[in-house]
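A.B. asks: TSV, C-alpha atoms, saved as entry.tsv, coming up:
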chain	number	residue	atom	x	y	z
R	1	MET	CA	47.76	-95.45	73.52
R	2	THR	CA	47.06	-92.07	72.00
R	3	ASP	CA	43.60	-90.53	72.40
R	4	PRO	CA	41.87	-91.04	69.01
R	5	THR	CA	40.41	-87.54	68.98
R	6	SER	CA	43.85	-86.05	69.60
R	7	ALA	CA	45.32	-88.26	66.88
R	8	PHE	CA	42.75	-87.07	64.33
R	9	ASP	CA	43.28	-83.47	65.41
R	10	ALA	CA	47.01	-83.96	64.95
R	11	LEU	CA	46.46	-85.51	61.52
R	12	ALA	CA	44.13	-82.66	60.52
R	13	GLY	CA	46.81	-80.22	61.67
R	14	ARG	CA	49.43	-82.02	59.60
R	15	ILE	CA	47.16	-81.94	56.56
R	16	ALA	CA	46.55	-78.21	57.03
R	17	ASP	CA	50.32	-77.69	57.23
R	18	ILE	CA	50.79	-79.70	54.06
R	19	GLU	CA	48.08	-77.70	52.30
R	20	ARG	CA	49.87	-74.47	53.23
R	21	ARG	CA	53.29	-75.87	52.35
R	22	PHE	CA	52.19	-77.11	48.98
R	23	ALA	CA	49.81	-74.31	48.06
R	24	GLY	CA	50.56	-73.55	44.47
R	25	LEU	CA	52.36	-76.85	43.96
R	26	GLY	CA	50.12	-77.66	41.02
R	27	ASP	CA	51.11	-74.42	39.32
R	28	ASP	CA	54.79	-75.11	40.00
R	29	LEU	CA	54.50	-78.63	38.62
R	30	ALA	CA	52.62	-77.41	35.55
R	31	GLU	CA	55.68	-75.34	34.67
R	32	LEU	CA	58.13	-78.22	35.10
R	33	SER	CA	59.50	-80.12	32.13
R	34	GLY	CA	62.34	-82.43	31.35
R	35	THR	CA	64.41	-82.32	28.20
R	36	ALA	CA	66.99	-84.89	27.22
R	37	THR	CA	68.88	-86.15	24.23
R	38	ASP	CA	69.38	-89.78	23.27
R	39	GLY	CA	72.82	-91.34	23.64
R	40	SER	CA	73.87	-90.42	20.11
R	41	GLY	CA	72.75	-86.80	20.43
R	42	LEU	CA	70.53	-87.03	17.35
R	43	VAL	CA	67.11	-86.89	19.02
R	44	SER	CA	65.90	-84.52	21.72
R	45	ALA	CA	62.63	-84.94	23.64
R	46	THR	CA	60.79	-82.73	26.12
R	47	VAL	CA	58.05	-83.93	28.48
R	48	ASP	CA	55.88	-82.15	31.03
R	49	ALA	CA	55.58	-83.08	34.72
R	50	THR	CA	53.12	-85.89	33.92
R	51	GLY	CA	55.44	-87.43	31.32
R	52	ALA	CA	53.48	-86.27	28.29
R	53	LEU	CA	55.66	-85.57	25.27
R	54	THR	CA	55.59	-81.85	24.46
R	55	ASN	CA	58.41	-81.54	21.93
R	56	LEU	CA	60.52	-83.82	19.78
R	57	THR	CA	63.48	-82.79	17.62
R	58	LEU	CA	65.34	-85.05	15.21
R	59	ALA	CA	68.63	-84.15	13.60
R	60	PRO	CA	68.64	-84.95	9.86
R	61	ALA	CA	71.31	-87.60	10.49
R	62	ALA	CA	68.87	-89.52	12.74
R	63	LEU	CA	66.86	-90.47	9.67
R	64	ARG	CA	69.79	-92.53	8.38
R	65	ALA	CA	69.14	-94.99	11.24
R	66	GLY	CA	66.03	-96.31	9.46
R	67	THR	CA	62.58	-96.58	10.98
R	68	GLU	CA	63.52	-99.01	13.74
R	69	GLY	CA	66.65	-97.04	14.55
R	70	VAL	CA	64.74	-93.77	14.72
R	71	ALA	CA	62.18	-95.41	17.00
R	72	GLU	CA	64.96	-96.56	19.34
R	73	LEU	CA	66.52	-93.07	19.38
R	74	VAL	CA	63.16	-91.44	20.10
R	75	LEU	CA	62.38	-93.89	22.91
R	76	ASP	CA	65.82	-93.35	24.44
R	77	ALA	CA	65.43	-89.56	24.40
R	78	TYR	CA	61.87	-89.85	25.73
R	79	ARG	CA	62.88	-92.11	28.63
R	80	ARG	CA	65.72	-89.80	29.56
R	81	ALA	CA	63.41	-86.75	29.42
R	82	ARG	CA	60.86	-88.52	31.64
R	83	ALA	CA	63.59	-89.32	34.15
R	84	ALA	CA	64.69	-85.67	34.14
R	85	ALA	CA	61.12	-84.47	34.67
R	86	SER	CA	60.56	-87.06	37.39
R	87	ASP	CA	63.67	-85.86	39.22
R	88	GLN	CA	62.33	-82.29	39.16
R	89	VAL	CA	58.92	-83.41	40.45
R	90	ASP	CA	60.65	-85.36	43.24
R	91	GLU	CA	62.62	-82.24	44.22
R	92	HIS	CA	59.44	-80.14	44.36
R	93	THR	CA	57.46	-82.73	46.35
R	94	GLU	CA	60.24	-83.85	48.70
R	95	GLY	CA	58.89	-84.48	52.17
R	96	LEU	CA	55.24	-84.84	51.17
R	97	ASP	CA	55.11	-88.55	52.02
R	98	GLY	CA	56.81	-88.06	55.36
R	99	ALA	CA	54.53	-85.18	56.24
R	100	LEU	CA	51.51	-87.42	55.74
R	101	GLY	CA	52.98	-90.31	57.71
R	102	ALA	CA	51.04	-91.58	60.70
R	103	SER	CA	50.58	-95.07	62.08
R	104	LEU	CA	47.17	-96.64	62.39
R	105	GLY	CA	47.64	-96.81	66.14
R	106	ASP	CA	48.19	-93.06	66.23
R	107	LEU	CA	45.06	-92.52	64.19
R	108	PHE	CA	42.61	-94.96	65.73
R	109	GLY	CA	43.84	-95.51	69.27
R	110	THR	CA	42.40	-98.42	71.24
R	111	PRO	CA	40.46	-101.02	69.23
R	112	GLY	CA	36.74	-100.53	69.74
R	113	ASP	CA	37.02	-96.81	70.58
R	114	PHE	CA	35.11	-95.05	67.80
R	115	SER	CA	34.88	-91.62	69.40
R	116	ALA	CA	37.24	-90.05	66.87
R	117	LEU	CA	35.50	-91.32	63.74
R	118	GLY	CA	33.42	-88.14	63.54
R	119	ARG	CA	36.58	-86.36	62.36
R	120	LEU	CA	37.36	-89.00	59.76
R	121	GLU	CA	35.09	-87.46	57.11
R	122	GLU	CA	36.77	-84.06	57.50
R	123	THR	CA	40.21	-85.63	57.30
R	124	VAL	CA	39.31	-87.63	54.17
R	125	ALA	CA	37.90	-84.48	52.54
R	126	ARG	CA	41.14	-82.60	53.21
R	127	LEU	CA	43.19	-85.46	51.78
R	128	GLY	CA	40.95	-85.42	48.70
R	129	ARG	CA	41.51	-81.70	48.20
R	130	LEU	CA	45.27	-82.19	48.56
R	131	ASP	CA	45.23	-85.09	46.10
R	132	ALA	CA	43.28	-83.00	43.57
R	133	ARG	CA	46.11	-80.43	43.57
R	134	LEU	CA	48.76	-82.97	42.58
R	135	PRO	CA	49.41	-84.00	38.99
R	136	GLY	CA	48.21	-87.37	37.77
R	137	PRO	CA	50.54	-90.31	37.26
R	138	PRO	CA	52.90	-90.20	34.28
R	139	ALA	CA	51.36	-91.31	31.00
I'd like the structure from this file rewritten - as structure tokens, please.

C.D. replies:
Amino acid sequence: MTDPTSAFDALAGRIADIERRFAGLGDDLAELSGTATDGSGLVSATVDATGALTNLTLAPAALRAGTEGVAELVLDAYRRARAAASDQVDEHTEGLDGALGASLGDLFGTPGDFSALGRLEETVARLGRLDARLPGPPA
């Protein structure tokens, strides 16, 4: 079994590496967007990294589809734009989950051994700071 103190030190080291690796990630993600057109090519939508709609363009011919038809075209373009933005976010955050990976056994060692829990607060604080840098879930 791994020494709990060593496991927490290793986790803290991994978190510090992640913080360095993803420094500025929030700024990068803030600049990301996804733009897509519906299947007919009549409606174009743009969303930011969180999935919020930032631009919508309708060709005059889209209005001939009626209100329900226009709604379907807009939703199709919006969904495609969100997928495009999500793909870009995935590319920019690739490896983040794996970098955080650690088993509970690696973290806590032998049951009943609480010697490493003093480092838990520091580790949780670092995770909180890392989480604060990431964008929220898509709208």

A.B. asks: Of the residues R:Asp17, R:Asp76, R:Glu31, R:Asp9, which is the one nearest to His92 (chain R), using all atoms listed in the file?

C.D. replies: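 Of R:Asp17, R:Asp76, R:Glu31, R:Asp9, the one nearest His92 (chain R), counting all atoms listed in the file, is R:Glu31.
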
A.B. asks: Considering all atoms listed in the file, can you say which of R:Arg82, R:Glu72, R:Ala62, R:Glu91 comes closest to Thr35 (chain R)?

C.D. replies: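 Going through R:Arg82, R:Glu72, R:Ala62, R:Glu91 one by one, the smallest distance to Thr35 (chain R) is for R:Arg82.
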
A.B. asks: Around the point (66.5, -88.9, 20.4) in the file's coordinates, collect all residues with an atom within 6 Å, using only C-alpha atoms, and return them as an MDAnalysis selection string.

C.D. replies: chainID R and resid 37:38 42:44 73:74 77

A.B. asks: Could those selected residues go to a file with C-alpha atoms, as a PDB file, in the coordinates of the input?

C.D. replies:
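Output (again13.pdb):
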ATOM      1  CA  THR R  37      68.880 -86.150  24.230  1.00  0.00           C
ATOM      2  CA  ASP R  38      69.380 -89.780  23.270  1.00  0.00           C
ATOM      3  CA  LEU R  42      70.530 -87.030  17.350  1.00  0.00           C
ATOM      4  CA  VAL R  43      67.110 -86.890  19.020  1.00  0.00           C
ATOM      5  CA  SER R  44      65.900 -84.520  21.720  1.00  0.00           C
ATOM      6  CA  LEU R  73      66.520 -93.070  19.380  1.00  0.00           C
ATOM      7  CA  VAL R  74      63.160 -91.440  20.100  1.00  0.00           C
ATOM      8  CA  ALA R  77      65.430 -89.560  24.400  1.00  0.00           C
TER       9      ALA R  77
END
